[in-house]
Amino acid sequence: YVWPSPKLDALESLRFNQDGHNSGAITVFIEPCGRYLFDGPNVLNSKTGRSDVADWVRTAYHDMATHNVADGTGGLDASIRFAEESLRAENIGDGFNNTFQALRTIANRYVSLADSLALGTIVAIENCGGPEIAFRGGRVDATEPNAPGVPEPQQDLDSHIAAFARQGFTQTEMISLVACGHTFGGVQHAAFPDTVPEINDPNNTQSAAHFDSTFTHFDNNVAIEYMSDTTQNPLVVGLNDTTNSDKRIFGSDGNVTMKSFADSPELFVSTCADLIARMLDTVPREVELTEIITPLRVKPQGIVLSLAGDTLKLSGEVRLWNTTADPQRTVRLLWDDHLGGTGNATLTASGVSSAVAGRYNASWYTFSPDPTNPPDGLVLLLNASAGITSMRFVVDGTLEDQGGVGFAVQDGVVYSETSCSISQASPSPWRMDVAVRDGFNPTRAFLERMSTDSTGRITILETDIARPAQPVAVNADYSIWSINVNGTDAVGTVFYSIGYEVDGVKFAGSNTHFSGGLASCAV
Ligand code: HEM
């Protein structure tokens, strides 16, 4: 895709900025793989017998398992967040709540809760020994619970085959997908007291009986231990044969599939990569997923423009995919302006990141002319009359301009540094000044504020900024539109971006502002 595309940019960042610079939003919960959210931030390897990875993978399956291929209902749509669904007997346990407590933090206006569940599952599996999994975005959060339909261990083989067929999977795929999932985690005493006894182990305080000996990591031990009769899988060797669903499922083709997985880790890896991707891409019929998201080779990030008098301040970074730090590399930014001119700056290395358990690396460069000297050294100063229309990069002499289209930048509506604090009351009212470029002619400008609706979906509330009858010119090229932010809207924890509409097309603000640090309007 071509940058900028706010939704794909946001999904791509979560997908591919996994560790290191500008990353960690997901991996903080699953590195190391023995982490468990309910332990709090200081415990690296849980002594509960639980892990976030296992909770997320199980949540993804249970959320998807409501799908009905015949009528296209159900699927991965975060409907399991509704208490009515998560409290059903088929969804016993606190793992679903745990999962959304963590992954809700990465959801935003571009990333639905369902996409965050898919992203979390993929990033967790990739970083805990598993394969790279193709990711598509665009899942839509359900507004109500789905019909029941998650398989339960006491059900017979025929009903499991029928349940997976309804979800869109053959019997062989059922065997495989259960093995791919049950390489993580186990069965807990609290949820299944008749299947799993209490064991009073200080290193397994929730008495979890694990499916294989490497329960925080993806590997084919679930198959090796099953085939060699050394398995402790409580759904295979449980005392109550009625709940030995893995035994019935794994053995249902004479162990052909499980033997093939025990014999070939490569086959297990490739089969699971395909089936987990299909599981995550099983969505209600009306949902259209994006293409598989691949990393942009050169990607600007965090581009911010603001106006201060006759100067436009530009800050941001660029990520060079598939590169490592290299002091010899030179990266230059060229920007084209409204007057037909071009500016340029040499960028400074700002960090490195990695993804998919270190299989990919990226290096980052900041636009800051002098990163060690804030605040002035952090921004490039552009002449406001000339402005900016698009960017290009030159990496070691090679032009990077997205095949000639450049990296478009919009300077028609920007935050103005004349924004100010009206009073020190608490919450303290403030005035947001928005600078609108003469001739840009937006039909509307508005404040955007992230909110959640009654079903927990992220929405954007808009407040129109009135077009002034007599616009105040801030310089020869920009006029100010203002809005006062008062009352509870002005509390310092509420952040606003600036949206606008041109020729019937809405543009979202990319960076946020709040009352903190503003000078007094009176001065
Ligand atoms: C017939 C199908 C299935 C049955 C009957 C089944 C049954 C179970 C049961 C009883 C548990 C214990 C839950 C608890 O104690 O809270 C469990 C855990 C788990 N299941 Fe399944 N499962 C099935 C399919 C799957 C599939 C297809 C996946 C994913 C691809 C999956 C992933 C998991 C994971 C990761 C856990 C561990 C959760 C943890 O340790 O917190 N399961 N499953």
# chains A, B, ... in the order shown; residues from 1 in each chain; ligands from 1
>>> residues_around(residues="Leu113 in chain A", least_positions_apart="4", cutoff="9 Å", atoms="only C-alpha atoms", output="ChimeraX atom specification")
/A:77-78,100,103-104,106-108,117-118,139-141,456-458
>>> closest_atom_pairs(of="chain A", to="ligand 1", cutoff="7 Å", atoms="only C-alpha atoms and all ligand atoms", output="tab-separated table")
residue	atom	partner	partner_atom_place_in_ligand_line	distance
A:Arg50	CA	ligand 1	40 (O)	5.5
A:Ser51	CA	ligand 1	41 (O)	6.4
A:Ala54	CA	ligand 1	35 (C)	4.1
A:Asp55	CA	ligand 1	41 (O)	4.5
A:Val57	CA	ligand 1	35 (C)	4.7
A:Arg58	CA	ligand 1	32 (C)	4.0
A:Tyr61	CA	ligand 1	29 (C)	5.0
A:Ile92	CA	ligand 1	16 (O)	6.2
A:Gly93	CA	ligand 1	16 (O)	4.7
A:Gly95	CA	ligand 1	41 (O)	6.0
A:Pro151	CA	ligand 1	1 (C)	4.8
A:Glu152	CA	ligand 1	5 (C)	4.1
A:Pro153	CA	ligand 1	5 (C)	3.8
A:His160	CA	ligand 1	1 (C)	5.4
A:Met174	CA	ligand 1	27 (C)	7.0
A:Leu177	CA	ligand 1	27 (C)	4.8
A:Val178	CA	ligand 1	27 (C)	4.1
A:Cys180	CA	ligand 1	30 (C)	5.6
A:Gly181	CA	ligand 1	29 (C)	3.4
A:His182	CA	ligand 1	33 (C)	5.2
A:Phe184	CA	ligand 1	35 (C)	4.8
A:Gly185	CA	ligand 1	40 (O)	3.2
A:Gly186	CA	ligand 1	40 (O)	4.1
A:Val187	CA	ligand 1	15 (O)	3.4
A:Gln188	CA	ligand 1	15 (O)	3.7
A:His189	CA	ligand 1	15 (O)	6.7
A:Ala191	CA	ligand 1	15 (O)	5.1
A:Phe192	CA	ligand 1	15 (O)	6.0
A:Ser245	CA	ligand 1	5 (C)	5.6
A:Ile276	CA	ligand 1	30 (C)	6.6
>>> residues_around(residues="Ala445 in chain A", least_positions_apart="6", cutoff="9 Å", atoms="only C-alpha atoms", output="VMD selection string")
chain A and resid 413 434 463 to 467 481 498 to 501
>>> residues_around(residues="Arg332 in chain A", least_positions_apart="4", cutoff="6 Å", atoms="only C-alpha atoms", output="JSON, numbers by chain")
{"A": [345, 346, 347, 393, 394]}
>>> closest_residue(among="A:Gln154, A:Thr48, A:Ser264, A:Ser270", to="Ile133 in chain A", atoms="only C-alpha atoms")
A:Ser270
>>> residues_around(residues="Asn42 in chain A", least_positions_apart="3", cutoff="12 Å", atoms="only C-alpha atoms", output="list of chain:residue names")
A:Val28, A:Phe29, A:Glu31, A:Pro32, A:Arg35, A:Tyr36, A:Leu37, A:Phe38, A:Asp39, A:Asn45, A:Ser46
>>> select_by_dssp(residues="range 20-122 of chain A", states="strand (DSSP E or B)", output="number ranges by chain")
A: 20, 68, 73, 108, 111
>>> write_last_selection(atoms="N, CA and C atoms", output="PDB file, in the first residue's frame")
ATOM      1  N   GLY A  20      11.971  -3.281  20.698  1.00  0.00           N
ATOM      2  CA  GLY A  20      12.938  -2.205  20.515  1.00  0.00           C
ATOM      3  C   GLY A  20      12.263  -0.869  20.281  1.00  0.00           C
ATOM      4  N   ASN A  68     -20.575 -19.727  11.835  1.00  0.00           N
ATOM      5  CA  ASN A  68     -21.427 -20.678  11.118  1.00  0.00           C
ATOM      6  C   ASN A  68     -21.221 -20.437   9.623  1.00  0.00           C
ATOM      7  N   THR A  73     -22.739 -16.141  10.039  1.00  0.00           N
ATOM      8  CA  THR A  73     -22.755 -15.403  11.312  1.00  0.00           C
ATOM      9  C   THR A  73     -21.576 -15.833  12.181  1.00  0.00           C
ATOM     10  N   ASN A 108      -7.453   1.033  19.013  1.00  0.00           N
ATOM     11  CA  ASN A 108      -7.667   2.470  18.844  1.00  0.00           C
ATOM     12  C   ASN A 108      -8.647   2.681  17.695  1.00  0.00           C
ATOM     13  N   VAL A 111      -7.802   0.275  15.019  1.00  0.00           N
ATOM     14  CA  VAL A 111      -7.540  -1.125  15.367  1.00  0.00           C
ATOM     15  C   VAL A 111      -8.679  -1.584  16.276  1.00  0.00           C
TER      16      VAL A 111
END
>>> closest_atom_pairs(of="range 87-141 of chain A", to="range 356-368 of chain A", cutoff="7 Å", atoms="only C-alpha atoms", output="JSON lines")
{"residue": "A:Glu126", "atom": "CA", "partner": "A:Val356", "partner_atom": "CA", "distance": 5.4}
{"residue": "A:Asn127", "atom": "CA", "partner": "A:Ala357", "partner_atom": "CA", "distance": 4.8}
{"residue": "A:Glu132", "atom": "CA", "partner": "A:Val356", "partner_atom": "CA", "distance": 6.5}
>>> decode(residues="range 112-245 of chain A", atoms="C-alpha atoms", output="CSV table (one decimal), in the first residue's frame")
chain,number,residue,atom,x,y,z
A,112,SER,CA,-10.7,-2.9,16.5
A,113,LEU,CA,-10.8,-5.1,19.6
A,114,ALA,CA,-11.1,-8.0,17.3
A,115,ASP,CA,-8.0,-6.9,15.3
A,116,SER,CA,-6.1,-6.5,18.5
A,117,LEU,CA,-7.0,-10.0,19.5
A,118,ALA,CA,-5.8,-11.3,16.1
A,119,LEU,CA,-2.6,-9.2,16.4
A,120,GLY,CA,-1.9,-10.3,19.9
A,121,THR,CA,-2.4,-13.9,19.1
A,122,ILE,CA,0.0,-13.7,16.1
A,123,VAL,CA,2.7,-11.7,17.9
A,124,ALA,CA,2.5,-14.0,20.9
A,125,ILE,CA,2.9,-17.2,18.9
A,126,GLU,CA,5.6,-15.7,16.7
A,127,ASN,CA,7.6,-14.6,19.8
A,128,CYS,CA,7.1,-17.8,21.8
A,129,GLY,CA,8.7,-20.3,19.4
A,130,GLY,CA,6.0,-20.3,16.7
A,131,PRO,CA,6.0,-19.5,13.0
A,132,GLU,CA,5.4,-16.2,11.2
A,133,ILE,CA,1.6,-16.0,10.6
A,134,ALA,CA,0.0,-13.9,7.8
A,135,PHE,CA,-2.0,-11.0,9.3
A,136,ARG,CA,-5.0,-9.3,7.7
A,137,GLY,CA,-6.8,-6.4,9.4
A,138,GLY,CA,-10.2,-5.0,9.2
A,139,ARG,CA,-12.2,-7.1,11.7
A,140,VAL,CA,-15.3,-5.4,13.0
A,141,ASP,CA,-16.3,-5.6,16.7
A,142,ALA,CA,-19.7,-7.2,17.3
A,143,THR,CA,-22.4,-5.2,19.0
A,144,GLU,CA,-24.0,-8.2,20.7
A,145,PRO,CA,-23.1,-11.7,21.7
A,146,ASN,CA,-23.0,-14.4,19.0
A,147,ALA,CA,-24.9,-17.7,19.1
A,148,PRO,CA,-23.3,-20.4,21.4
A,149,GLY,CA,-21.1,-23.1,19.8
A,150,VAL,CA,-17.7,-23.6,21.4
A,151,PRO,CA,-16.9,-27.3,21.8
A,152,GLU,CA,-16.6,-28.7,25.3
A,153,PRO,CA,-14.5,-31.6,26.5
A,154,GLN,CA,-17.3,-33.8,27.7
A,155,GLN,CA,-19.0,-33.8,24.2
A,156,ASP,CA,-18.5,-36.8,21.9
A,157,LEU,CA,-16.3,-37.0,18.8
A,158,ASP,CA,-19.3,-36.6,16.4
A,159,SER,CA,-20.4,-33.4,17.9
A,160,HIS,CA,-16.8,-32.1,17.8
A,161,ILE,CA,-16.5,-33.0,14.1
A,162,ALA,CA,-19.8,-31.3,13.5
A,163,ALA,CA,-18.8,-28.2,15.5
A,164,PHE,CA,-15.5,-27.8,13.5
A,165,ALA,CA,-17.4,-28.4,10.2
A,166,ARG,CA,-19.8,-25.6,11.2
A,167,GLN,CA,-16.8,-23.4,11.8
A,168,GLY,CA,-15.4,-24.3,8.4
A,169,PHE,CA,-12.7,-26.9,9.3
A,170,THR,CA,-12.4,-30.6,8.2
A,171,GLN,CA,-11.8,-33.4,10.6
A,172,THR,CA,-8.0,-33.4,9.8
A,173,GLU,CA,-8.0,-29.6,10.3
A,174,MET,CA,-9.8,-30.1,13.6
A,175,ILE,CA,-7.1,-32.5,14.9
A,176,SER,CA,-4.4,-30.1,13.7
A,177,LEU,CA,-5.9,-26.9,15.1
A,178,VAL,CA,-6.5,-28.5,18.5
A,179,ALA,CA,-2.8,-29.6,18.5
A,180,CYS,CA,-1.7,-26.1,17.4
A,181,GLY,CA,-3.6,-24.5,20.3
A,182,HIS,CA,-2.8,-27.1,22.9
A,183,THR,CA,0.9,-26.6,22.5
A,184,PHE,CA,0.2,-23.7,24.9
A,185,GLY,CA,-1.3,-23.8,28.4
A,186,GLY,CA,-3.4,-26.4,30.1
A,187,VAL,CA,-6.5,-27.1,32.1
A,188,GLN,CA,-7.0,-25.3,35.5
A,189,HIS,CA,-8.4,-26.9,38.6
A,190,ALA,CA,-10.7,-24.0,39.3
A,191,ALA,CA,-12.4,-24.3,35.9
A,192,PHE,CA,-12.4,-28.1,35.7
A,193,PRO,CA,-12.2,-29.5,39.2
A,194,ASP,CA,-13.4,-32.9,38.1
A,195,THR,CA,-10.7,-33.2,35.4
A,196,VAL,CA,-7.7,-31.6,37.3
A,197,PRO,CA,-6.9,-32.1,41.0
A,198,GLU,CA,-5.5,-29.4,43.2
A,199,ILE,CA,-1.8,-30.0,43.5
A,200,ASN,CA,-0.6,-27.4,46.1
A,201,ASP,CA,2.6,-26.6,44.1
A,202,PRO,CA,4.1,-23.1,44.8
A,203,ASN,CA,5.3,-23.0,41.2
A,204,ASN,CA,1.8,-23.8,39.9
A,205,THR,CA,-0.5,-22.1,42.3
A,206,GLN,CA,-3.6,-22.5,40.1
A,207,SER,CA,-3.0,-26.2,39.7
A,208,ALA,CA,-2.9,-26.1,35.9
A,209,ALA,CA,-2.4,-29.5,34.3
A,210,HIS,CA,-0.4,-28.6,31.1
A,211,PHE,CA,-1.0,-30.1,27.6
A,212,ASP,CA,2.7,-30.6,27.1
A,213,SER,CA,6.0,-30.1,29.0
A,214,THR,CA,6.8,-26.8,27.2
A,215,PHE,CA,3.5,-25.0,27.8
A,216,THR,CA,4.6,-21.4,27.4
A,217,HIS,CA,6.2,-22.2,24.0
A,218,PHE,CA,5.0,-23.3,20.6
A,219,ASP,CA,6.6,-26.6,19.5
A,220,ASN,CA,5.5,-30.1,18.4
A,221,ASN,CA,6.0,-31.6,21.9
A,222,VAL,CA,2.3,-31.9,22.2
A,223,ALA,CA,2.5,-34.4,19.4
A,224,ILE,CA,5.8,-36.1,20.4
A,225,GLU,CA,4.7,-36.7,24.0
A,226,TYR,CA,1.2,-37.9,22.8
A,227,MET,CA,2.8,-40.4,20.3
A,228,SER,CA,5.4,-41.6,22.8
A,229,ASP,CA,2.8,-42.2,25.5
A,230,THR,CA,4.6,-39.9,27.9
A,231,THR,CA,1.9,-37.2,27.6
A,232,GLN,CA,0.5,-35.6,30.8
A,233,ASN,CA,-2.2,-33.9,28.7
A,234,PRO,CA,-5.3,-33.9,31.1
A,235,LEU,CA,-7.6,-34.2,28.0
A,236,VAL,CA,-5.8,-37.3,27.0
A,237,VAL,CA,-4.9,-39.2,30.2
A,238,GLY,CA,-7.5,-37.6,32.5
A,239,LEU,CA,-9.0,-40.1,35.0
A,240,ASN,CA,-12.5,-39.3,33.7
A,241,ASP,CA,-12.5,-40.6,30.2
A,242,THR,CA,-15.6,-38.6,29.3
A,243,THR,CA,-13.6,-35.4,29.3
A,244,ASN,CA,-10.7,-36.9,27.4
A,245,SER,CA,-11.6,-34.9,24.2
